[in-house]
>>> print(open('run22.cif').read())   # mmCIF, C-alpha atoms
data_entry
loop_
_atom_site.label_atom_id
_atom_site.label_comp_id
_atom_site.auth_asym_id
_atom_site.auth_seq_id
_atom_site.Cartn_x
_atom_site.Cartn_y
_atom_site.Cartn_z
CA MET N 1 127.13 17.27 -114.05
CA LYS N 2 129.60 14.56 -115.01
CA ALA N 3 130.03 13.47 -118.62
CA ILE N 4 129.02 9.94 -119.63
CA ALA N 5 131.96 7.80 -120.73
CA GLN N 6 132.02 5.26 -123.55
CA PRO N 7 134.56 2.38 -123.60
CA LYS N 8 136.72 3.85 -126.39
CA THR N 9 137.11 7.22 -124.66
CA ALA N 10 136.54 6.16 -121.05
CA GLN N 11 139.96 7.25 -119.81
CA ILE N 12 139.64 10.66 -121.46
CA PHE N 13 136.23 11.27 -119.93
CA ASP N 14 137.54 10.09 -116.57
CA ARG N 15 140.22 12.77 -116.81
CA ILE N 16 137.66 15.40 -117.86
CA ASN N 17 135.34 14.52 -114.97
CA ALA N 18 138.26 14.54 -112.52
CA LEU N 19 139.34 17.98 -113.76
CA GLN N 20 135.79 19.30 -113.43
CA ALA N 21 135.74 18.17 -109.80
CA THR N 22 138.76 20.34 -108.95
CA THR N 23 136.98 23.68 -109.34
CA SER N 24 133.62 25.42 -109.55
CA HIS N 25 135.03 27.79 -112.19
CA TYR N 26 135.79 27.30 -115.86
CA PHE N 27 139.44 26.71 -116.68
CA ASN N 28 141.51 29.71 -117.72
CA SER N 29 143.88 28.50 -120.42
CA ALA N 30 146.19 31.46 -119.79
CA GLN N 31 147.02 30.24 -116.29
CA LEU N 32 149.94 27.90 -115.67
CA THR N 33 148.65 25.59 -112.96
CA PRO N 34 149.00 21.80 -112.65
CA PHE N 35 145.31 21.38 -113.48
CA VAL N 36 145.53 23.59 -116.56
CA ARG N 37 148.56 21.60 -117.71
CA GLU N 38 146.55 18.40 -117.21
CA TRP N 39 143.69 19.96 -119.17
CA ARG N 40 146.06 20.78 -122.06
CA GLU N 41 147.56 17.29 -122.03
CA THR N 42 144.08 15.80 -122.26
CA LYS N 43 143.59 17.62 -125.58
CA ILE N 44 146.64 15.79 -126.97
CA GLU N 45 144.92 12.47 -126.19
CA ILE N 46 141.72 13.65 -127.87
CA ASP N 47 143.62 14.69 -131.01
CA SER N 48 145.29 11.27 -131.13
CA ILE N 49 141.96 9.49 -131.69
CA MET N 50 140.57 11.98 -134.22
CA LYS N 51 141.75 9.93 -137.21
CA VAL N 52 140.64 6.67 -135.64
CA ASP N 53 137.15 7.68 -134.51
CA ALA N 54 136.27 11.28 -135.29
CA CYS N 55 132.75 10.92 -133.85
CA ALA N 56 134.10 9.95 -130.42
CA ALA N 57 136.95 12.47 -130.65
CA TRP N 58 134.60 15.39 -131.35
CA GLU N 59 132.40 14.30 -128.45
CA ALA N 60 135.40 14.32 -126.12
CA ALA N 61 136.53 17.65 -127.56
CA GLY N 62 133.13 19.14 -126.76
CA ALA N 63 133.39 18.09 -123.12
CA TRP N 64 136.99 19.32 -123.02
CA LYS N 65 136.04 22.74 -124.40
CA GLY N 66 133.14 22.89 -121.96
CA LEU N 67 135.63 22.83 -119.07
CA ALA N 68 136.93 26.19 -120.30
CA GLY N 69 133.45 27.69 -120.70
CA ASP N 70 133.87 27.82 -124.48
CA LEU N 71 130.24 28.01 -125.65
CA ALA N 72 130.86 28.22 -129.39
CA GLY N 73 133.60 25.59 -129.34
CA THR N 74 131.52 23.18 -127.28
CA GLU N 75 128.48 23.54 -129.53
CA THR N 76 130.54 23.10 -132.70
CA ALA N 77 132.34 20.01 -131.39
CA PHE N 78 129.18 18.22 -130.31
CA ALA N 79 127.37 19.18 -133.50
CA ASN N 80 130.27 17.63 -135.46
CA SER N 81 130.07 14.46 -133.38
CA VAL N 82 126.32 14.06 -133.82
CA ARG N 83 126.65 14.75 -137.54
CA LEU N 84 129.06 11.81 -137.81
CA GLY N 85 126.73 9.39 -136.05
CA ASN N 86 125.49 8.11 -132.74
CA SER N 87 128.35 7.26 -130.38
CA GLY N 88 125.88 6.03 -127.80
CA SER N 89 126.35 9.09 -125.63
CA ASN N 90 127.17 12.17 -127.72
CA ARG N 91 123.70 13.75 -127.55
CA GLU N 92 123.50 12.98 -123.85
CA ASN N 93 126.91 14.54 -123.17
CA TRP N 94 125.92 17.52 -125.29
CA MET N 95 122.95 18.03 -123.01
CA ILE N 96 125.10 17.71 -119.88
CA ASN N 97 127.61 20.23 -121.21
CA ARG N 98 124.88 22.68 -122.16
CA LEU N 99 123.70 22.47 -118.56
CA ASN N 100 127.26 22.98 -117.30
CA LEU N 101 127.49 26.10 -119.47
CA GLY N 102 124.24 27.57 -118.14
CA LEU N 103 122.35 26.95 -121.39
CA PHE N 104 119.28 25.57 -119.64
CA SER N 105 116.72 25.99 -122.43
CA ALA N 106 119.09 24.38 -124.93
CA ALA N 107 119.64 21.50 -122.51
CA GLN N 108 115.87 21.10 -122.25
CA SER N 109 115.56 20.71 -126.01
CA LEU N 110 118.04 17.83 -126.00
CA TYR N 111 116.38 16.25 -122.99
CA ALA N 112 113.14 16.03 -124.95
CA VAL N 113 114.79 13.64 -127.44
CA THR N 114 117.29 11.84 -125.20
CA GLY N 115 115.55 11.40 -121.86
CA HIS N 116 112.48 9.36 -122.78
CA PRO N 117 112.08 5.83 -121.35
CA GLU N 118 112.72 4.14 -124.69
CA THR N 119 116.37 5.19 -124.48
CA GLY N 120 119.00 3.55 -122.31
CA TYR N 121 119.66 6.81 -120.46
CA PHE N 122 116.24 7.48 -118.95
CA THR N 123 117.14 6.94 -115.28
CA LEU N 124 120.54 8.61 -115.63
CA LEU N 125 119.18 11.71 -117.37
CA LEU N 126 116.10 12.21 -115.20
CA GLU N 127 118.10 14.29 -112.73
CA VAL N 128 119.82 16.20 -115.54
CA GLY N 129 116.49 17.09 -117.15
CA TYR N 130 115.07 18.08 -113.77
CA LYS N 131 118.02 20.40 -113.10
CA ALA N 132 117.68 21.86 -116.60
CA GLY N 133 114.16 22.95 -115.64
CA ALA N 134 112.38 20.42 -117.86
CA ILE N 135 110.04 19.51 -115.02
CA GLY N 136 106.90 18.97 -117.08
CA GLN N 137 108.86 16.93 -119.63
CA ALA N 138 110.40 14.82 -116.86
CA ALA N 139 106.96 14.20 -115.35
CA SER N 140 105.69 13.08 -118.76
CA PHE N 141 108.60 10.66 -119.11
CA ILE N 142 107.91 9.31 -115.62
CA GLU N 143 104.31 8.56 -116.55
CA ARG N 144 105.50 6.69 -119.64
CA ALA N 145 108.09 4.80 -117.60
CA ARG N 146 105.38 3.70 -115.19
CA GLU N 147 103.41 2.32 -118.11
CA MET N 148 106.55 0.42 -119.11
CA ARG N 149 106.99 -0.76 -115.50
CA ILE N 150 110.44 0.76 -115.17
CA ASN N 151 111.49 1.03 -111.53
CA TRP N 152 113.85 3.64 -110.05
CA ASP N 153 114.26 5.98 -107.05
CA GLU N 154 110.72 6.65 -105.83
CA ASN N 155 111.82 9.64 -103.73
CA GLN N 156 113.19 11.33 -106.83
CA VAL N 157 110.03 10.52 -108.75
CA GLN N 158 107.81 11.97 -106.02
CA GLU N 159 109.84 15.19 -105.91
CA VAL N 160 109.58 15.70 -109.68
CA MET N 161 105.86 14.99 -109.69
CA THR N 162 105.23 17.33 -106.73
CA ALA N 163 107.23 20.11 -108.39
CA ASN N 164 105.34 19.57 -111.63
CA ALA N 165 101.97 19.77 -109.86
CA ILE N 166 102.93 23.04 -108.14
CA LEU N 167 104.18 24.69 -111.32
CA ARG N 168 101.33 23.49 -113.51
CA HIS N 169 98.87 24.85 -110.94
CA ALA N 170 100.70 28.17 -111.09
CA GLY N 171 100.62 28.11 -114.90
CA ILE N 172 104.43 28.02 -115.25
CA SER N 173 105.79 26.13 -118.26
CA ASP N 174 109.16 24.47 -118.80
CA GLN N 175 109.92 27.16 -121.37
CA GLU N 176 109.37 29.91 -118.78
CA ILE N 177 111.54 28.04 -116.28
CA GLY N 178 114.30 27.65 -118.86
CA ARG N 179 114.15 31.30 -119.84
CA GLN N 180 114.58 32.43 -116.23
CA LEU N 181 117.39 29.93 -115.64
CA ASP N 182 119.10 31.11 -118.84
CA VAL N 183 119.35 34.59 -117.35
CA ALA N 184 121.03 33.14 -114.25
CA GLY N 185 123.35 31.12 -116.50
CA ALA N 186 124.45 34.30 -118.29
CA VAL N 187 125.25 35.97 -114.96
CA LEU N 188 127.27 32.94 -113.85
CA ARG N 189 129.30 32.98 -117.07
CA ARG N 190 130.32 36.57 -116.37
CA TYR N 191 131.94 35.27 -113.21
CA GLN N 192 133.26 32.14 -114.96
CA ILE N 193 131.27 29.97 -112.53
CA ARG N 194 129.86 26.63 -113.67
CA PRO N 195 126.20 26.13 -112.64
CA ASN N 196 125.63 23.82 -109.68
CA ALA N 197 121.88 23.64 -109.12
CA SER N 198 119.80 22.21 -106.31
CA VAL N 199 116.03 22.09 -106.65
CA LEU N 200 114.08 22.90 -103.50
CA VAL N 201 110.42 21.92 -103.46
CA THR N 202 108.12 23.28 -100.75
CA SER N 203 104.60 21.94 -100.55
CA ALA N 204 102.60 23.00 -97.50
CA GLU N 205 98.84 23.06 -97.93
CA ASP N 206 97.24 26.38 -96.90
CA PHE N 207 100.71 27.89 -96.36
CA PHE N 208 103.11 27.99 -99.31
CA SER N 209 103.96 25.83 -102.30
CA GLY N 210 106.83 26.66 -104.58
CA VAL N 211 109.92 25.49 -106.46
CA THR N 212 113.28 27.21 -106.05
CA TYR N 213 116.42 26.62 -108.10
CA SER N 214 119.34 27.35 -105.79
CA LEU N 215 122.60 27.88 -107.70
CA ALA N 216 125.67 27.48 -105.51
CA VAL N 217 128.33 30.17 -105.98
CA PRO N 218 131.82 29.92 -104.41
CA VAL N 219 131.75 33.42 -102.92
CA GLY N 220 130.96 35.06 -99.59
CA ALA N 221 127.46 36.00 -98.48
CA GLU N 222 127.90 39.69 -99.37
CA LYS N 223 129.04 38.89 -102.91
CA ALA N 224 126.22 36.38 -103.35
CA PHE N 225 123.79 39.13 -102.32
CA ASP N 226 125.26 41.43 -104.97
CA MET N 227 124.94 38.67 -107.56
CA ASN N 228 121.28 38.18 -106.65
CA VAL N 229 120.71 41.92 -107.12
CA GLU N 230 122.40 41.64 -110.51
CA LEU N 231 120.22 38.64 -111.36
CA ALA N 232 117.04 40.55 -110.46
CA ARG N 233 118.10 43.41 -112.74
CA GLU N 234 118.84 41.05 -115.62
CA GLU N 235 115.51 39.27 -115.14
CA ASP N 236 113.78 42.65 -115.32
CA LYS N 237 115.69 43.55 -118.51
CA ALA N 238 114.70 40.20 -120.03
CA GLY N 239 111.04 40.85 -119.26
CA ILE N 240 110.75 37.92 -116.86
CA ASN N 241 107.39 37.93 -115.12
CA LYS N 242 108.13 36.69 -111.62
CA ASN N 243 105.75 34.25 -109.97
CA VAL N 244 105.79 33.45 -106.26
CA ALA N 245 105.64 29.72 -107.09
CA PHE N 246 109.03 29.74 -108.85
CA ASP N 247 112.33 31.41 -108.11
CA VAL N 248 116.01 31.24 -109.00
CA VAL N 249 118.61 32.36 -106.46
CA PHE N 250 122.37 32.31 -105.95
CA GLU N 251 123.51 30.77 -102.67
CA ALA N 252 126.94 31.40 -101.19
CA VAL N 253 128.97 28.29 -100.42
CA ALA N 254 132.49 27.78 -99.12
CA SER N 255 134.94 27.86 -102.02
#
>>> encode(input="run22.cif", output="structure tokens")
Amino acid sequence: MKAIAQPKTAQIFDRINALQATTSHYFNSAQLTPFVREWRETKIEIDSIMKVDACAAWEAAGAWKGLAGDLAGTETAFANSVRLGNSGSNRENWMINRLNLGLFSAAQSLYAVTGHPETGYFTLLLEVGYKAGAIGQAASFIERAREMRINWDENQVQEVMTANAILRHAGISDQEIGRQLDVAGAVLRRYQIRPNASVLVTSAEDFFSGVTYSLAVPVGAEKAFDMNVELAREEDKAGINKNVAFDVVFEAVAS
């Protein structure tokens, strides 16, 4: 997911988003490639605004560290930014970077306070919350938005509401979804792959209804199969109780 830019740091976030688009993997700072050099140069720009606006600089630093898959560094940077005030986007970008790091449950917790209709980011963050597995929370926000007569993509709304109905009927909570997605996120981090989720909703009366989170991985079909076996083992270790109405899978895509 792309970071949200603010006027003061717009060019920096443009560079961060452009760098993210170049690869499905986290950046390896030890490599000497043109993109890694660009990534390093971006840090110089971030440091240059630290004395001018530390809140914005820490926010940018969090997104920059997220490109390298630096969990601790990303969390610390965004926490510093939020501690210094509300930049207008720092909590939202923290949520997006948690999602990009495979920290789905943590992203859900931020969505609960940043994605409601009373904020200016409701329509933008609806998809982010949905992909974080906060389906029940997103459905609740949609109901509130309807009361406020906020209009947006009805197809997206219908998909979220259908998914929510399926999962609630199956007794699956957002917390359970997040926990299962967190396991997948941990597997992806081992391979230095940034999560790229698609939500597939199947609703066929008297046949099958279910929600599947398909996580694209830039590997061949055989490797993706091995990763799915690894995921199943990790889910078992984590005590995940599988339900036919919800699944998480890795899907091979051309790298």
>>> atom_distance(input="run22.cif", atom1="atom CA of Gly69 of chain N", atom2="atom CA of Ser105 of chain N")
16.9 Å
>>> resolve_selection(input="run22.cif", expression="the PyMOL selection byres ((chain N and resi 174) around 7)", output="JSON, numbers by chain")
{"N": [133, 134, 135, 136, 172, 173, 175, 176, 177, 178]}
>>> residues_near_point(input="run22.cif", point="(120.1, 22.9, -115.8)", cutoff="6 Å", atoms="only C-alpha atoms", output="ChimeraX atom specification")
/N:99,104,131-133
>>> residues_around(input="run22.cif", residues="segment 33-40 of chain N", least_positions_apart="3", cutoff="12 Å", atoms="all atoms listed in the file", output="short mmCIF file (atom, residue, chain, number, x, y, z; two decimals) with C-alpha atoms, keeping the file's coordinate frame")
data_model
loop_
_atom_site.label_atom_id
_atom_site.label_comp_id
_atom_site.auth_asym_id
_atom_site.auth_seq_id
_atom_site.Cartn_x
_atom_site.Cartn_y
_atom_site.Cartn_z
CA ILE N 12 139.64 10.66 -121.46
CA PHE N 13 136.23 11.27 -119.93
CA ASP N 14 137.54 10.09 -116.57
CA ARG N 15 140.22 12.77 -116.81
CA ILE N 16 137.66 15.40 -117.86
CA ASN N 17 135.34 14.52 -114.97
CA ALA N 18 138.26 14.54 -112.52
CA LEU N 19 139.34 17.98 -113.76
CA GLN N 20 135.79 19.30 -113.43
CA ALA N 21 135.74 18.17 -109.80
CA THR N 22 138.76 20.34 -108.95
CA THR N 23 136.98 23.68 -109.34
CA TYR N 26 135.79 27.30 -115.86
CA PHE N 27 139.44 26.71 -116.68
CA ASN N 28 141.51 29.71 -117.72
CA SER N 29 143.88 28.50 -120.42
CA ALA N 30 146.19 31.46 -119.79
CA LYS N 43 143.59 17.62 -125.58
CA ILE N 44 146.64 15.79 -126.97
CA GLU N 45 144.92 12.47 -126.19
CA ILE N 46 141.72 13.65 -127.87
CA ASP N 47 143.62 14.69 -131.01
CA ALA N 61 136.53 17.65 -127.56
CA ALA N 63 133.39 18.09 -123.12
CA TRP N 64 136.99 19.32 -123.02
CA LYS N 65 136.04 22.74 -124.40
CA GLY N 66 133.14 22.89 -121.96
CA LEU N 67 135.63 22.83 -119.07
CA ALA N 68 136.93 26.19 -120.30
#
>>> atom_distance(input="run22.cif", atom1="atom CA of Lys237 of chain N", atom2="atom CA of Phe208 of chain N")
27.7 Å
>>> atom_distance(input="run22.cif", atom1="atom CA of Ala145 of chain N", atom2="atom CA of Pro117 of chain N")
5.6 Å
>>> resolve_selection(input="run22.cif", expression="the PyMOL selection byres ((chain N and resi 77-84) around 10)", output="PyMOL selection string")
chain N and resi 53-66+72-76+85-87+89-91+93-95+97
>>> closest_residue(input="run22.cif", among="N:Leu167, N:Val52, N:Leu215, N:Met1", to="Ile193 of chain N", atoms="only C-alpha atoms")
N:Leu215
>>> decode(input="run22.cif", residues="segment 31-56 of chain N", atoms="N, CA, C and O atoms", output="mmCIF file, in the first residue's frame")
data_model
loop_
_atom_site.group_PDB
_atom_site.id
_atom_site.type_symbol
_atom_site.label_atom_id
_atom_site.label_comp_id
_atom_site.auth_asym_id
_atom_site.auth_seq_id
_atom_site.Cartn_x
_atom_site.Cartn_y
_atom_site.Cartn_z
ATOM 1 N N GLN N 31 23.221 -4.196 -0.601
ATOM 2 C CA GLN N 31 23.370 -4.270 -2.055
ATOM 3 C C GLN N 31 23.685 -2.890 -2.632
ATOM 4 O O GLN N 31 23.231 -1.872 -2.115
ATOM 5 N N LEU N 32 24.433 -2.878 -3.706
ATOM 6 C CA LEU N 32 24.777 -1.622 -4.376
ATOM 7 C C LEU N 32 24.090 -1.573 -5.733
ATOM 8 O O LEU N 32 24.694 -1.833 -6.777
ATOM 9 N N THR N 33 22.806 -1.249 -5.694
ATOM 10 C CA THR N 33 22.013 -1.123 -6.914
ATOM 11 C C THR N 33 21.555 0.326 -7.042
ATOM 12 O O THR N 33 21.561 1.077 -6.057
ATOM 13 N N PRO N 34 21.136 0.746 -8.232
ATOM 14 C CA PRO N 34 20.636 2.124 -8.384
ATOM 15 C C PRO N 34 19.474 2.435 -7.430
ATOM 16 O O PRO N 34 19.392 3.549 -6.902
ATOM 17 N N PHE N 35 18.603 1.461 -7.218
ATOM 18 C CA PHE N 35 17.450 1.708 -6.346
ATOM 19 C C PHE N 35 17.868 1.817 -4.881
ATOM 20 O O PHE N 35 17.312 2.624 -4.134
ATOM 21 N N VAL N 36 18.842 1.022 -4.468
ATOM 22 C CA VAL N 36 19.333 1.126 -3.102
ATOM 23 C C VAL N 36 20.044 2.462 -2.901
ATOM 24 O O VAL N 36 19.909 3.105 -1.845
ATOM 25 N N ARG N 37 20.781 2.909 -3.912
ATOM 26 C CA ARG N 37 21.425 4.223 -3.819
ATOM 27 C C ARG N 37 20.381 5.327 -3.705
ATOM 28 O O ARG N 37 20.536 6.266 -2.921
ATOM 29 N N GLU N 38 19.298 5.200 -4.454
ATOM 30 C CA GLU N 38 18.195 6.167 -4.377
ATOM 31 C C GLU N 38 17.567 6.131 -2.991
ATOM 32 O O GLU N 38 17.230 7.179 -2.414
ATOM 33 N N TRP N 39 17.419 4.936 -2.459
ATOM 34 C CA TRP N 39 16.851 4.760 -1.116
ATOM 35 C C TRP N 39 17.733 5.455 -0.078
ATOM 36 O O TRP N 39 17.244 6.156 0.800
ATOM 37 N N ARG N 40 19.049 5.295 -0.192
ATOM 38 C CA ARG N 40 19.974 5.936 0.748
ATOM 39 C C ARG N 40 19.934 7.459 0.611
ATOM 40 O O ARG N 40 19.983 8.187 1.619
ATOM 41 N N GLU N 41 19.856 7.942 -0.607
ATOM 42 C CA GLU N 41 19.806 9.389 -0.834
ATOM 43 C C GLU N 41 18.535 9.999 -0.255
ATOM 44 O O GLU N 41 18.534 11.144 0.211
ATOM 45 N N THR N 42 17.457 9.233 -0.275
ATOM 46 C CA THR N 42 16.198 9.716 0.293
ATOM 47 C C THR N 42 16.346 9.974 1.788
ATOM 48 O O THR N 42 15.758 10.923 2.326
ATOM 49 N N LYS N 43 17.133 9.156 2.464
ATOM 50 C CA LYS N 43 17.359 9.347 3.906
ATOM 51 C C LYS N 43 18.050 10.685 4.172
ATOM 52 O O LYS N 43 17.777 11.344 5.193
ATOM 53 N N ILE N 44 18.908 11.123 3.275
ATOM 54 C CA ILE N 44 19.587 12.415 3.442
ATOM 55 C C ILE N 44 18.556 13.545 3.427
ATOM 56 O O ILE N 44 18.628 14.493 4.216
ATOM 57 N N GLU N 45 17.567 13.436 2.547
ATOM 58 C CA GLU N 45 16.496 14.440 2.492
ATOM 59 C C GLU N 45 15.682 14.439 3.777
ATOM 60 O O GLU N 45 15.296 15.495 4.281
ATOM 61 N N ILE N 46 15.398 13.250 4.284
ATOM 62 C CA ILE N 46 14.624 13.143 5.531
ATOM 63 C C ILE N 46 15.386 13.795 6.679
ATOM 64 O O ILE N 46 14.815 14.558 7.465
ATOM 65 N N ASP N 47 16.674 13.503 6.777
ATOM 66 C CA ASP N 47 17.493 14.087 7.849
ATOM 67 C C ASP N 47 17.532 15.610 7.764
ATOM 68 O O ASP N 47 17.604 16.303 8.793
ATOM 69 N N SER N 48 17.436 16.143 6.542
ATOM 70 C CA SER N 48 17.537 17.592 6.354
ATOM 71 C C SER N 48 16.346 18.350 6.922
ATOM 72 O O SER N 48 16.436 19.542 7.199
ATOM 73 N N ILE N 49 15.202 17.668 7.087
ATOM 74 C CA ILE N 49 14.018 18.355 7.630
ATOM 75 C C ILE N 49 13.795 18.034 9.113
ATOM 76 O O ILE N 49 12.832 18.524 9.702
ATOM 77 N N MET N 50 14.673 17.220 9.695
ATOM 78 C CA MET N 50 14.482 16.816 11.087
ATOM 79 C C MET N 50 14.474 18.011 12.045
ATOM 80 O O MET N 50 13.666 18.068 12.975
ATOM 81 N N LYS N 51 15.344 18.990 11.815
ATOM 82 C CA LYS N 51 15.393 20.155 12.695
ATOM 83 C C LYS N 51 14.277 21.151 12.409
ATOM 84 O O LYS N 51 13.936 21.977 13.257
ATOM 85 N N VAL N 52 13.719 21.069 11.220
ATOM 86 C CA VAL N 52 12.653 21.992 10.825
ATOM 87 C C VAL N 52 11.293 21.500 11.283
ATOM 88 O O VAL N 52 10.478 22.257 11.812
ATOM 89 N N ASP N 53 11.042 20.193 11.086
ATOM 90 C CA ASP N 53 9.758 19.606 11.462
ATOM 91 C C ASP N 53 10.006 18.143 11.817
ATOM 92 O O ASP N 53 9.895 17.257 10.968
ATOM 93 N N ALA N 54 10.346 17.907 13.061
ATOM 94 C CA ALA N 54 10.705 16.559 13.493
ATOM 95 C C ALA N 54 9.534 15.592 13.367
ATOM 96 O O ALA N 54 9.724 14.410 13.067
ATOM 97 N N CYS N 55 8.312 16.078 13.585
ATOM 98 C CA CYS N 55 7.127 15.220 13.477
ATOM 99 C C CYS N 55 7.018 14.647 12.066
ATOM 100 O O CYS N 55 6.852 13.438 11.880
ATOM 101 N N ALA N 56 7.126 15.506 11.061
ATOM 102 C CA ALA N 56 7.048 15.065 9.665
ATOM 103 C C ALA N 56 8.249 14.218 9.287
ATOM 104 O O ALA N 56 8.130 13.235 8.542
#
